[in-house]
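What follows is run_4.pdb (PDB, C-alpha atoms).
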ATOM      1  CA  MET U   1      88.111 113.867 103.977
ATOM      2  CA  PRO U   2      87.309 114.549 107.660
ATOM      3  CA  LYS U   3      86.788 118.269 108.434
ATOM      4  CA  LEU U   4      86.428 118.867 104.659
ATOM      5  CA  GLY U   5      90.161 118.266 104.262
ATOM      6  CA  ARG U   6      91.151 121.110 106.564
ATOM      7  CA  GLY U   7      94.859 120.946 107.334
ATOM      8  CA  GLN U   8      95.654 118.657 104.394
ATOM      9  CA  ALA U   9      97.411 121.393 102.412
ATOM     10  CA  THR U  10      99.766 122.037 105.325
ATOM     11  CA  GLN U  11     100.466 118.314 105.736
ATOM     12  CA  MET U  12     101.129 117.882 102.015
ATOM     13  CA  ALA U  13     103.463 120.886 102.032
ATOM     14  CA  SER U  14     105.368 119.411 104.965
ATOM     15  CA  PHE U  15     105.630 116.017 103.233
ATOM     16  CA  LEU U  16     106.869 117.571  99.976
ATOM     17  CA  LYS U  17     109.088 120.083 101.805
ATOM     18  CA  VAL U  18     107.527 123.052  99.997
ATOM     19  CA  ASN U  19     105.729 126.211 101.096
ATOM     20  CA  SER U  20     102.033 125.775 101.880
ATOM     21  CA  VAL U  21     101.316 128.753  99.598
ATOM     22  CA  PHE U  22     102.529 126.643  96.660
ATOM     23  CA  ILE U  23     100.093 123.845  97.584
ATOM     24  CA  SER U  24      97.239 126.363  97.765
ATOM     25  CA  GLN U  25      98.154 127.659  94.323
ATOM     26  CA  VAL U  26      98.135 124.137  92.891
ATOM     27  CA  LEU U  27      94.752 123.376  94.457
ATOM     28  CA  LYS U  28      93.396 126.598  92.898
ATOM     29  CA  ALA U  29      94.806 125.507  89.492
ATOM     30  CA  ASP U  30      97.202 128.470  89.352
ATOM     31  CA  ARG U  31     100.304 126.220  89.331
ATOM     32  CA  GLU U  32     101.111 122.552  88.705
ATOM     33  CA  PHE U  33     103.087 119.907  90.560
ATOM     34  CA  SER U  34     106.318 118.716  88.989
ATOM     35  CA  LEU U  35     106.503 115.015  88.141
ATOM     36  CA  GLU U  36     108.908 114.519  91.035
ATOM     37  CA  GLN U  37     106.452 116.177  93.432
ATOM     38  CA  GLY U  38     103.576 114.163  91.955
ATOM     39  CA  HIS U  39     105.483 110.922  92.461
ATOM     40  CA  ASP U  40     106.151 111.789  96.118
ATOM     41  CA  LEU U  41     102.599 113.003  96.687
ATOM     42  CA  ALA U  42     101.246 109.693  95.366
ATOM     43  CA  GLU U  43     103.062 108.031  98.271
ATOM     44  CA  TYR U  44     101.516 110.480 100.757
ATOM     45  CA  LEU U  45      98.052 109.830  99.325
ATOM     46  CA  GLY U  46      98.563 106.063  99.439
ATOM     47  CA  LEU U  47      97.828 105.569  95.738
ATOM     48  CA  ASN U  48      98.257 102.113  94.251
ATOM     49  CA  GLU U  49     100.353 101.620  91.106
ATOM     50  CA  LEU U  50      97.503 102.149  88.640
ATOM     51  CA  GLU U  51      96.281 105.251  90.486
ATOM     52  CA  LYS U  52      99.821 106.635  90.583
ATOM     53  CA  ARG U  53     100.192 106.222  86.833
ATOM     54  CA  TYR U  54      96.899 108.043  86.289
ATOM     55  CA  PHE U  55      97.875 110.842  88.687
ATOM     56  CA  LEU U  56     101.196 111.387  86.928
ATOM     57  CA  ALA U  57      99.432 111.350  83.549
ATOM     58  CA  MET U  58      97.117 114.078  84.865
ATOM     59  CA  ILE U  59     100.128 116.210  85.795
ATOM     60  CA  GLN U  60     101.738 115.698  82.398
ATOM     61  CA  TRP U  61      98.431 116.550  80.692
ATOM     62  CA  ALA U  62      98.194 119.780  82.715
ATOM     63  CA  ARG U  63     101.810 120.728  81.954
ATOM     64  CA  ALA U  64     101.653 119.868  78.228
ATOM     65  CA  GLY U  65     102.764 122.760  76.029
ATOM     66  CA  ASN U  66     100.630 122.065  72.959
ATOM     67  CA  PHE U  67      97.386 120.414  71.896
ATOM     68  CA  ARG U  68      98.965 117.283  70.382
ATOM     69  CA  LEU U  69     100.863 116.449  73.576
ATOM     70  CA  ARG U  70      97.779 117.102  75.685
ATOM     71  CA  ALA U  71      95.759 114.802  73.416
ATOM     72  CA  TYR U  72      98.418 112.111  73.878
ATOM     73  CA  PHE U  73      98.074 112.197  77.672
ATOM     74  CA  SER U  74      94.272 112.401  77.405
ATOM     75  CA  LYS U  75      94.336 109.099  75.521
ATOM     76  CA  GLN U  76      96.689 107.597  78.113
ATOM     77  CA  MET U  77      94.355 108.663  80.925
ATOM     78  CA  GLU U  78      91.377 107.148  79.096
ATOM     79  CA  GLU U  79      93.221 103.832  78.730
ATOM     80  CA  LEU U  80      94.075 103.843  82.432
ATOM     81  CA  ARG U  81      90.437 104.564  83.325
ATOM     82  CA  ASN U  82      89.288 101.651  81.177
ATOM     83  CA  GLN U  83      91.880  99.391  82.778
ATOM     84  CA  ALA U  84      90.692 100.380  86.269
ATOM     85  CA  HIS U  85      87.079  99.778  85.230
ATOM     86  CA  ASP U  86      87.875  96.274  83.981
ATOM     87  CA  LEU U  87      89.794  95.396  87.146
ATOM     88  CA  SER U  88      86.888  96.505  89.345
ATOM     89  CA  LYS U  89      84.707  93.805  87.759
ATOM     90  CA  ARG U  90      87.242  91.004  88.061
ATOM     91  CA  LEU U  91      86.339  89.402  91.380
ATOM     92  CA  PRO U  92      87.377  85.766  91.853
ATOM     93  CA  ALA U  93      84.485  83.351  91.468
ATOM     94  CA  GLU U  94      85.564  80.995  94.249
ATOM     95  CA  LYS U  95      84.176  81.502  97.743
ATOM     96  CA  THR U  96      87.365  80.840  99.678
ATOM     97  CA  LEU U  97      90.795  82.407  99.547
ATOM     98  CA  SER U  98      93.542  80.540  97.748
ATOM     99  CA  ILE U  99      96.571  79.388  99.747
ATOM    100  CA  ALA U 100      98.645  82.352  98.550
ATOM    101  CA  GLU U 101      95.841  84.818  99.330
ATOM    102  CA  ALA U 102      95.190  83.291 102.736
ATOM    103  CA  ASN U 103      98.895  83.408 103.592
ATOM    104  CA  LEU U 104      98.877  87.167 103.100
ATOM    105  CA  TYR U 105      95.452  87.790 104.654
ATOM    106  CA  TYR U 106      96.382  85.901 107.822
ATOM    107  CA  SER U 107      99.922  87.273 107.989
ATOM    108  CA  SER U 108      98.701  90.159 110.156
ATOM    109  CA  TRP U 109      95.663  91.063 112.244
ATOM    110  CA  ILE U 110      95.239  94.318 110.286
ATOM    111  CA  TYR U 111      93.604  92.639 107.265
ATOM    112  CA  SER U 112      90.651  91.206 109.171
ATOM    113  CA  ALA U 113      90.496  94.254 111.473
ATOM    114  CA  ALA U 114      90.341  96.680 108.532
ATOM    115  CA  ARG U 115      87.707  94.574 106.787
ATOM    116  CA  LEU U 116      85.508  94.561 109.884
ATOM    117  CA  ALA U 117      86.060  98.286 110.447
ATOM    118  CA  THR U 118      84.690  99.124 106.986
ATOM    119  CA  SER U 119      81.253  98.128 108.294
ATOM    120  CA  ILE U 120      81.422 101.056 110.764
ATOM    121  CA  PRO U 121      80.359 104.341 109.078
ATOM    122  CA  GLU U 122      82.763 106.452 111.169
ATOM    123  CA  LEU U 123      85.750 104.316 110.102
ATOM    124  CA  ASN U 124      85.156 103.382 106.469
ATOM    125  CA  THR U 125      87.476 105.892 104.770
ATOM    126  CA  LEU U 126      91.218 105.607 104.181
ATOM    127  CA  GLU U 127      91.910 108.572 106.439
ATOM    128  CA  ALA U 128      89.742 107.287 109.298
ATOM    129  CA  LEU U 129      91.129 103.735 109.121
ATOM    130  CA  SER U 130      94.707 104.966 109.020
ATOM    131  CA  ASN U 131      94.171 107.189 112.063
ATOM    132  CA  HIS U 132      92.168 104.610 114.026
ATOM    133  CA  PHE U 133      94.682 101.789 113.644
ATOM    134  CA  LYS U 134      97.717 104.146 113.744
ATOM    135  CA  ILE U 135      99.023 102.815 110.425
ATOM    136  CA  SER U 136     100.410 104.926 107.578
ATOM    137  CA  ARG U 137      98.090 105.796 104.716
ATOM    138  CA  VAL U 138     100.381 103.930 102.301
ATOM    139  CA  GLN U 139     100.234 100.692 104.287
ATOM    140  CA  MET U 140      96.489 100.967 104.915
ATOM    141  CA  LYS U 141      95.892 101.576 101.204
ATOM    142  CA  LYS U 142      97.807  98.389 100.369
ATOM    143  CA  VAL U 143      95.621  96.471 102.832
ATOM    144  CA  LEU U 144      92.418  97.923 101.345
ATOM    145  CA  ASP U 145      93.597  97.241  97.790
ATOM    146  CA  PHE U 146      94.138  93.581  98.696
ATOM    147  CA  LEU U 147      90.696  93.356 100.331
ATOM    148  CA  MET U 148      89.025  94.905  97.271
ATOM    149  CA  GLU U 149      90.965  92.763  94.801
ATOM    150  CA  HIS U 150      89.625  89.616  96.449
ATOM    151  CA  GLY U 151      86.058  90.764  97.049
ATOM    152  CA  LEU U 152      86.434  91.166 100.804
ATOM    153  CA  CYS U 153      85.747  94.919 100.523
ATOM    154  CA  LEU U 154      84.135  97.208  97.962
ATOM    155  CA  GLN U 155      84.672 100.903  97.301
ATOM    156  CA  LYS U 156      81.925 103.479  96.868
ATOM    157  CA  GLY U 157      83.376 106.941  96.349
ATOM    158  CA  GLN U 158      85.636 107.667  99.326
ATOM    159  CA  GLN U 159      84.013 104.920 101.420
ATOM    160  CA  TYR U 160      85.033 101.288 101.766
ATOM    161  CA  LEU U 161      82.337  98.695 102.440
ATOM    162  CA  MET U 162      82.454  95.042 103.434
ATOM    163  CA  GLY U 163      82.329  92.856 100.333
ATOM    164  CA  PRO U 164      80.264  89.756  99.558
ATOM    165  CA  ARG U 165      83.009  87.243 100.293
ATOM    166  CA  SER U 166      83.878  85.887 103.717
ATOM    167  CA  THR U 167      86.828  83.974 105.129
ATOM    168  CA  HIS U 168      87.073  80.812 107.155
ATOM    169  CA  LEU U 169      89.917  78.559 108.228
ATOM    170  CA  ALA U 170      89.433  74.881 108.934
ATOM    171  CA  PHE U 171      90.688  73.796 112.342
ATOM    172  CA  ASP U 172      93.414  71.712 110.692
ATOM    173  CA  SER U 173      94.608  74.462 108.326
ATOM    174  CA  PRO U 174      98.376  75.115 108.558
ATOM    175  CA  ILE U 175      97.569  78.838 108.685
ATOM    176  CA  VAL U 176      95.130  78.706 111.607
ATOM    177  CA  PHE U 177      97.830  78.887 114.293
ATOM    178  CA  ARG U 178      99.208  82.077 112.745
ATOM    179  CA  HIS U 179      95.700  83.581 112.777
ATOM    180  CA  HIS U 180      95.270  82.790 116.484
ATOM    181  CA  SER U 181      98.763  84.044 117.292
ATOM    182  CA  ASN U 182      98.234  87.365 115.507
ATOM    183  CA  TRP U 183      95.200  88.247 117.595
ATOM    184  CA  ARG U 184      96.587  86.957 120.886
ATOM    185  CA  LEU U 185      99.752  88.991 120.391
ATOM    186  CA  LYS U 186      97.576  91.992 119.540
ATOM    187  CA  GLY U 187      95.767  91.543 122.858
ATOM    188  CA  LEU U 188      99.048  91.218 124.739
ATOM    189  CA  SER U 189     100.381  94.391 123.136
ATOM    190  CA  ARG U 190      98.019  96.539 125.198
ATOM    191  CA  THR U 191      99.967  99.027 127.320
ATOM    192  CA  THR U 192      96.975 100.509 129.129
ATOM    193  CA  PRO U 193      94.655  98.912 131.727
ATOM    194  CA  PRO U 194      91.545  97.234 130.223
ATOM    195  CA  ASP U 195      88.316  99.183 129.978
ATOM    196  CA  SER U 196      85.473  98.329 132.340
ATOM    197  CA  ASP U 197      83.730  96.279 129.626
ATOM    198  CA  GLU U 198      86.845  94.218 128.775
ATOM    199  CA  ILE U 199      87.975  90.957 130.374
ATOM    200  CA  TYR U 200      91.422  89.360 130.462
ATOM    201  CA  TYR U 201      91.201  86.055 132.271
ATOM    202  CA  THR U 202      93.898  83.464 132.875
ATOM    203  CA  SER U 203      93.311  80.530 135.203
ATOM    204  CA  PRO U 204      95.718  77.582 135.283
ATOM    205  CA  VAL U 205      93.979  74.682 137.031
ATOM    206  CA  SER U 206      94.374  71.016 137.895
ATOM    207  CA  ILE U 207      91.397  69.055 136.678
ATOM    208  CA  SER U 208      90.232  65.485 136.170
ATOM    209  CA  GLU U 209      90.569  63.878 132.778
ATOM    210  CA  SER U 210      86.813  63.318 132.610
ATOM    211  CA  ASP U 211      85.977  67.009 133.209
ATOM    212  CA  ILE U 212      88.120  68.320 130.346
ATOM    213  CA  PRO U 213      85.580  67.406 127.606
ATOM    214  CA  LYS U 214      82.821  68.886 129.808
ATOM    215  CA  VAL U 215      84.583  72.251 129.842
ATOM    216  CA  ARG U 216      85.123  72.064 126.094
ATOM    217  CA  LYS U 217      81.419  71.410 125.602
ATOM    218  CA  MET U 218      80.553  74.415 127.792
ATOM    219  CA  ILE U 219      82.837  76.666 125.730
ATOM    220  CA  LEU U 220      81.377  75.434 122.436
ATOM    221  CA  LYS U 221      77.858  76.137 123.694
ATOM    222  CA  TRP U 222      78.916  79.627 124.742
ATOM    223  CA  ILE U 223      80.488  80.218 121.311
ATOM    224  CA  GLU U 224      77.146  79.354 119.701
ATOM    225  CA  ASP U 225      75.392  81.913 121.918
ATOM    226  CA  PHE U 226      78.127  84.469 121.210
ATOM    227  CA  SER U 227      77.805  83.958 117.436
ATOM    228  CA  ALA U 228      74.039  84.446 117.627
ATOM    229  CA  VAL U 229      74.506  87.785 119.406
ATOM    230  CA  VAL U 230      77.148  89.240 117.053
ATOM    231  CA  LYS U 231      75.370  88.033 113.894
ATOM    232  CA  ASP U 232      72.696  90.741 114.048
ATOM    233  CA  SER U 233      74.552  93.292 116.166
ATOM    234  CA  PRO U 234      74.936  96.781 114.557
ATOM    235  CA  SER U 235      78.526  97.593 113.497
ATOM    236  CA  GLU U 236      79.875 100.223 115.924
ATOM    237  CA  LYS U 237      83.180  98.850 117.291
ATOM    238  CA  VAL U 238      85.807  96.319 116.228
ATOM    239  CA  ALA U 239      86.508  93.774 118.973
ATOM    240  CA  CYS U 240      88.178  90.384 119.264
ATOM    241  CA  LEU U 241      87.326  87.282 121.293
ATOM    242  CA  ASN U 242      90.167  84.949 122.285
ATOM    243  CA  ILE U 243      89.409  81.763 124.206
ATOM    244  CA  ASP U 244      92.224  79.451 125.294
ATOM    245  CA  TRP U 245      91.518  76.075 126.822
ATOM    246  CA  PHE U 246      94.251  73.433 126.618
ATOM    247  CA  LYS U 247      96.076  70.786 128.608
ATOM    248  CA  ILE U 248      99.667  71.388 129.704
TER
END
Take the structure in the file and give it back as structure tokens.
Amino acid sequence: MPKLGRGQATQMASFLKVNSVFISQVLKADREFSLEQGHDLAEYLGLNELEKRYFLAMIQWARAGNFRLRAYFSKQMEELRNQAHDLSKRLPAEKTLSIAEANLYYSSWIYSAARLATSIPELNTLEALSNHFKISRVQMKKVLDFLMEHGLCLQKGQQYLMGPRSTHLAFDSPIVFRHHSNWRLKGLSRTTPPDSDEIYYTSPVSISESDIPKVRKMILKWIEDFSAVVKDSPSEKVACLNIDWFKI
């Protein structure tokens, strides 16, 4: 974690409503969490369902009063590890998202934003992504789990990396309007003045019918140039380009 996890014990204690001394004792292996505390802490840590089951099995293993019970939970933990290992290899073979997957992926800007942000070294951990986008760890973990499940992101230790799959919506897709709306609304949600390197431009005009396709052609040419620039650009910031050009 950032700063070697400094301050995490205090935050966990606050979340669990216990004394920070107790958390320190647990981290030093002098005491153990109760199952109730483990269940709540799994929420704080943003664990998915399989990870939560493993975490609770760890607590029960540590609290077991005899060898036979400890062996029982050791076997349960091994089964959960094997299950997680199998799931990590099960990436869909198709190159495009299914309708159900696309409906979720394009339901919010955060899915594509988080995926892009994983290409930035300073942002590719759960903690950093949660802080950067001001989204709870639990919600960000759900987003990352979805991205990993469908090959859009990979996990290496504590880091998340962009996966081998990509997304694309055809211009006539019923989902494409939602995708455009999500990002335009995100741009409109800004409450601070734009930075010096940002541009917000709106220009209603009257124009001849014959010049409308000319403008469209100019925009398409610019998009080609834009795509060529971003293709090989190092990942340092997440940004979004919105271009609107339509008749009223």
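Distance-wise, CA of Leu104 (chain U) and CA of Arg184 (chain U) end up 17.9 Å apart.
CA of Arg137 (chain U) sits 23.4 Å away from CA of Glu32 (chain U).
As for CA of Glu224 (chain U) and CA of Asn242 (chain U), they are spaced 14.4 Å apart.
In terms of minimum interatomic distance to Ser181 (chain U), U:Trp109 ranks closest within U:Phe73, U:Phe55, U:Trp109, U:Phe22, counting all atoms listed in the file.
Between Ala170 (chain U) and the candidates U:Ala102, U:Val229, U:Leu123, U:Ala113, the tightest atom-to-atom separation, counting all atoms listed in the file, involves U:Ala102.
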message: Since I can't run it myself right now, could you work out what the PyMOL selection byres ((chain U and resi 43-52) around 10) selects here and report it as a PyMOL selection string?
response: chain U and resi 11-12+15-16+38-42+53-58+80-81+83-84+126-127+136-142+145
- prompt: Mind listing as a PyMOL selection string all residues within 9 Å of (96.1, 87.0, 113.5), counting all atoms listed in the file?
  reply: chain U and resi 105-112+176-186
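Between His150 (chain U) and the candidates U:Glu122, U:Ala117, U:Asn66, U:Ala100, the tightest atom-to-atom separation, counting only C-alpha atoms, involves U:Ala100.
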- request: Identify all residues satisfying the PyMOL selection byres ((chain U and resi 155) around 10) in the given file; provide them as a VMD selection string.
  value: chain U and resid 88 118 124 to 125 144 to 145 148 153 to 154 156 to 163
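Once the PyMOL selection byres ((chain U and resi 188-204) around 10) is applied to the shown structure, the selection contains Trp183, Arg184, Leu185, Lys186, Gly187, Val205, Ser206, Ile207, Ala239, Leu241, Asn242, Ile243, Asp244, Trp245, Phe246, Lys247 and Ile248 of chain U.
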For region 167-186 of chain U, which lacks atoms in the input, supply N, CA, C and O atoms and format the output as a PDB file, in the coordinates of the input.
ATOM      1  N   THR U 167      85.665  84.842 104.963  1.00  0.00           N
ATOM      2  CA  THR U 167      86.828  83.974 105.129  1.00  0.00           C
ATOM      3  C   THR U 167      86.564  82.969 106.251  1.00  0.00           C
ATOM      4  O   THR U 167      85.821  83.240 107.185  1.00  0.00           O
ATOM      5  N   HIS U 168      87.176  81.838 106.113  1.00  0.00           N
ATOM      6  CA  HIS U 168      87.073  80.812 107.155  1.00  0.00           C
ATOM      7  C   HIS U 168      88.264  79.881 107.048  1.00  0.00           C
ATOM      8  O   HIS U 168      88.677  79.517 105.947  1.00  0.00           O
ATOM      9  N   LEU U 169      88.821  79.516 108.188  1.00  0.00           N
ATOM     10  CA  LEU U 169      89.917  78.559 108.228  1.00  0.00           C
ATOM     11  C   LEU U 169      89.460  77.284 108.911  1.00  0.00           C
ATOM     12  O   LEU U 169      88.873  77.336 109.996  1.00  0.00           O
ATOM     13  N   ALA U 170      89.721  76.156 108.284  1.00  0.00           N
ATOM     14  CA  ALA U 170      89.433  74.881 108.934  1.00  0.00           C
ATOM     15  C   ALA U 170      90.359  74.700 110.132  1.00  0.00           C
ATOM     16  O   ALA U 170      91.473  75.237 110.153  1.00  0.00           O
ATOM     17  N   PHE U 171      89.906  73.946 111.116  1.00  0.00           N
ATOM     18  CA  PHE U 171      90.688  73.796 112.342  1.00  0.00           C
ATOM     19  C   PHE U 171      92.044  73.153 112.089  1.00  0.00           C
ATOM     20  O   PHE U 171      92.990  73.362 112.854  1.00  0.00           O
ATOM     21  N   ASP U 172      92.150  72.384 110.991  1.00  0.00           N
ATOM     22  CA  ASP U 172      93.414  71.712 110.692  1.00  0.00           C
ATOM     23  C   ASP U 172      94.235  72.459 109.634  1.00  0.00           C
ATOM     24  O   ASP U 172      95.220  71.932 109.118  1.00  0.00           O
ATOM     25  N   SER U 173      93.848  73.685 109.311  1.00  0.00           N
ATOM     26  CA  SER U 173      94.608  74.462 108.326  1.00  0.00           C
ATOM     27  C   SER U 173      95.981  74.812 108.899  1.00  0.00           C
ATOM     28  O   SER U 173      96.104  75.168 110.069  1.00  0.00           O
ATOM     29  N   PRO U 174      97.038  74.751 108.067  1.00  0.00           N
ATOM     30  CA  PRO U 174      98.376  75.115 108.558  1.00  0.00           C
ATOM     31  C   PRO U 174      98.493  76.603 108.889  1.00  0.00           C
ATOM     32  O   PRO U 174      99.440  77.019 109.542  1.00  0.00           O
ATOM     33  N   ILE U 175      97.520  77.395 108.447  1.00  0.00           N
ATOM     34  CA  ILE U 175      97.569  78.838 108.685  1.00  0.00           C
ATOM     35  C   ILE U 175      96.842  79.224 109.969  1.00  0.00           C
ATOM     36  O   ILE U 175      97.036  80.316 110.494  1.00  0.00           O
ATOM     37  N   VAL U 176      96.009  78.337 110.507  1.00  0.00           N
ATOM     38  CA  VAL U 176      95.130  78.706 111.607  1.00  0.00           C
ATOM     39  C   VAL U 176      95.907  79.129 112.846  1.00  0.00           C
ATOM     40  O   VAL U 176      95.489  80.041 113.575  1.00  0.00           O
ATOM     41  N   PHE U 177      97.057  78.515 113.112  1.00  0.00           N
ATOM     42  CA  PHE U 177      97.830  78.887 114.293  1.00  0.00           C
ATOM     43  C   PHE U 177      98.348  80.316 114.178  1.00  0.00           C
ATOM     44  O   PHE U 177      98.379  81.064 115.155  1.00  0.00           O
ATOM     45  N   ARG U 178      98.741  80.708 112.952  1.00  0.00           N
ATOM     46  CA  ARG U 178      99.208  82.077 112.745  1.00  0.00           C
ATOM     47  C   ARG U 178      98.069  83.070 113.006  1.00  0.00           C
ATOM     48  O   ARG U 178      98.271  84.133 113.581  1.00  0.00           O
ATOM     49  N   HIS U 179      96.870  82.722 112.555  1.00  0.00           N
ATOM     50  CA  HIS U 179      95.700  83.581 112.777  1.00  0.00           C
ATOM     51  C   HIS U 179      95.448  83.783 114.266  1.00  0.00           C
ATOM     52  O   HIS U 179      95.256  84.908 114.744  1.00  0.00           O
ATOM     53  N   HIS U 180      95.466  82.688 115.030  1.00  0.00           N
ATOM     54  CA  HIS U 180      95.270  82.790 116.484  1.00  0.00           C
ATOM     55  C   HIS U 180      96.390  83.605 117.126  1.00  0.00           C
ATOM     56  O   HIS U 180      96.151  84.445 118.000  1.00  0.00           O
ATOM     57  N   SER U 181      97.612  83.348 116.702  1.00  0.00           N
ATOM     58  CA  SER U 181      98.763  84.044 117.292  1.00  0.00           C
ATOM     59  C   SER U 181      98.696  85.554 117.052  1.00  0.00           C
ATOM     60  O   SER U 181      98.982  86.353 117.944  1.00  0.00           O
ATOM     61  N   ASN U 182      98.309  85.944 115.833  1.00  0.00           N
ATOM     62  CA  ASN U 182      98.234  87.365 115.507  1.00  0.00           C
ATOM     63  C   ASN U 182      97.331  88.116 116.478  1.00  0.00           C
ATOM     64  O   ASN U 182      97.689  89.181 116.995  1.00  0.00           O
ATOM     65  N   TRP U 183      96.158  87.548 116.741  1.00  0.00           N
ATOM     66  CA  TRP U 183      95.200  88.247 117.595  1.00  0.00           C
ATOM     67  C   TRP U 183      95.564  88.145 119.066  1.00  0.00           C
ATOM     68  O   TRP U 183      95.324  89.081 119.834  1.00  0.00           O
ATOM     69  N   ARG U 184      96.161  87.048 119.485  1.00  0.00           N
ATOM     70  CA  ARG U 184      96.587  86.957 120.886  1.00  0.00           C
ATOM     71  C   ARG U 184      97.728  87.932 121.169  1.00  0.00           C
ATOM     72  O   ARG U 184      97.758  88.592 122.203  1.00  0.00           O
ATOM     73  N   LEU U 185      98.666  88.032 120.229  1.00  0.00           N
ATOM     74  CA  LEU U 185      99.752  88.991 120.391  1.00  0.00           C
ATOM     75  C   LEU U 185      99.230  90.422 120.367  1.00  0.00           C
ATOM     76  O   LEU U 185      99.748  91.294 121.068  1.00  0.00           O
ATOM     77  N   LYS U 186      98.181  90.659 119.570  1.00  0.00           N
ATOM     78  CA  LYS U 186      97.576  91.992 119.540  1.00  0.00           C
ATOM     79  C   LYS U 186      96.977  92.320 120.907  1.00  0.00           C
ATOM     80  O   LYS U 186      97.107  93.437 121.411  1.00  0.00           O
TER      81      LYS U 186
END
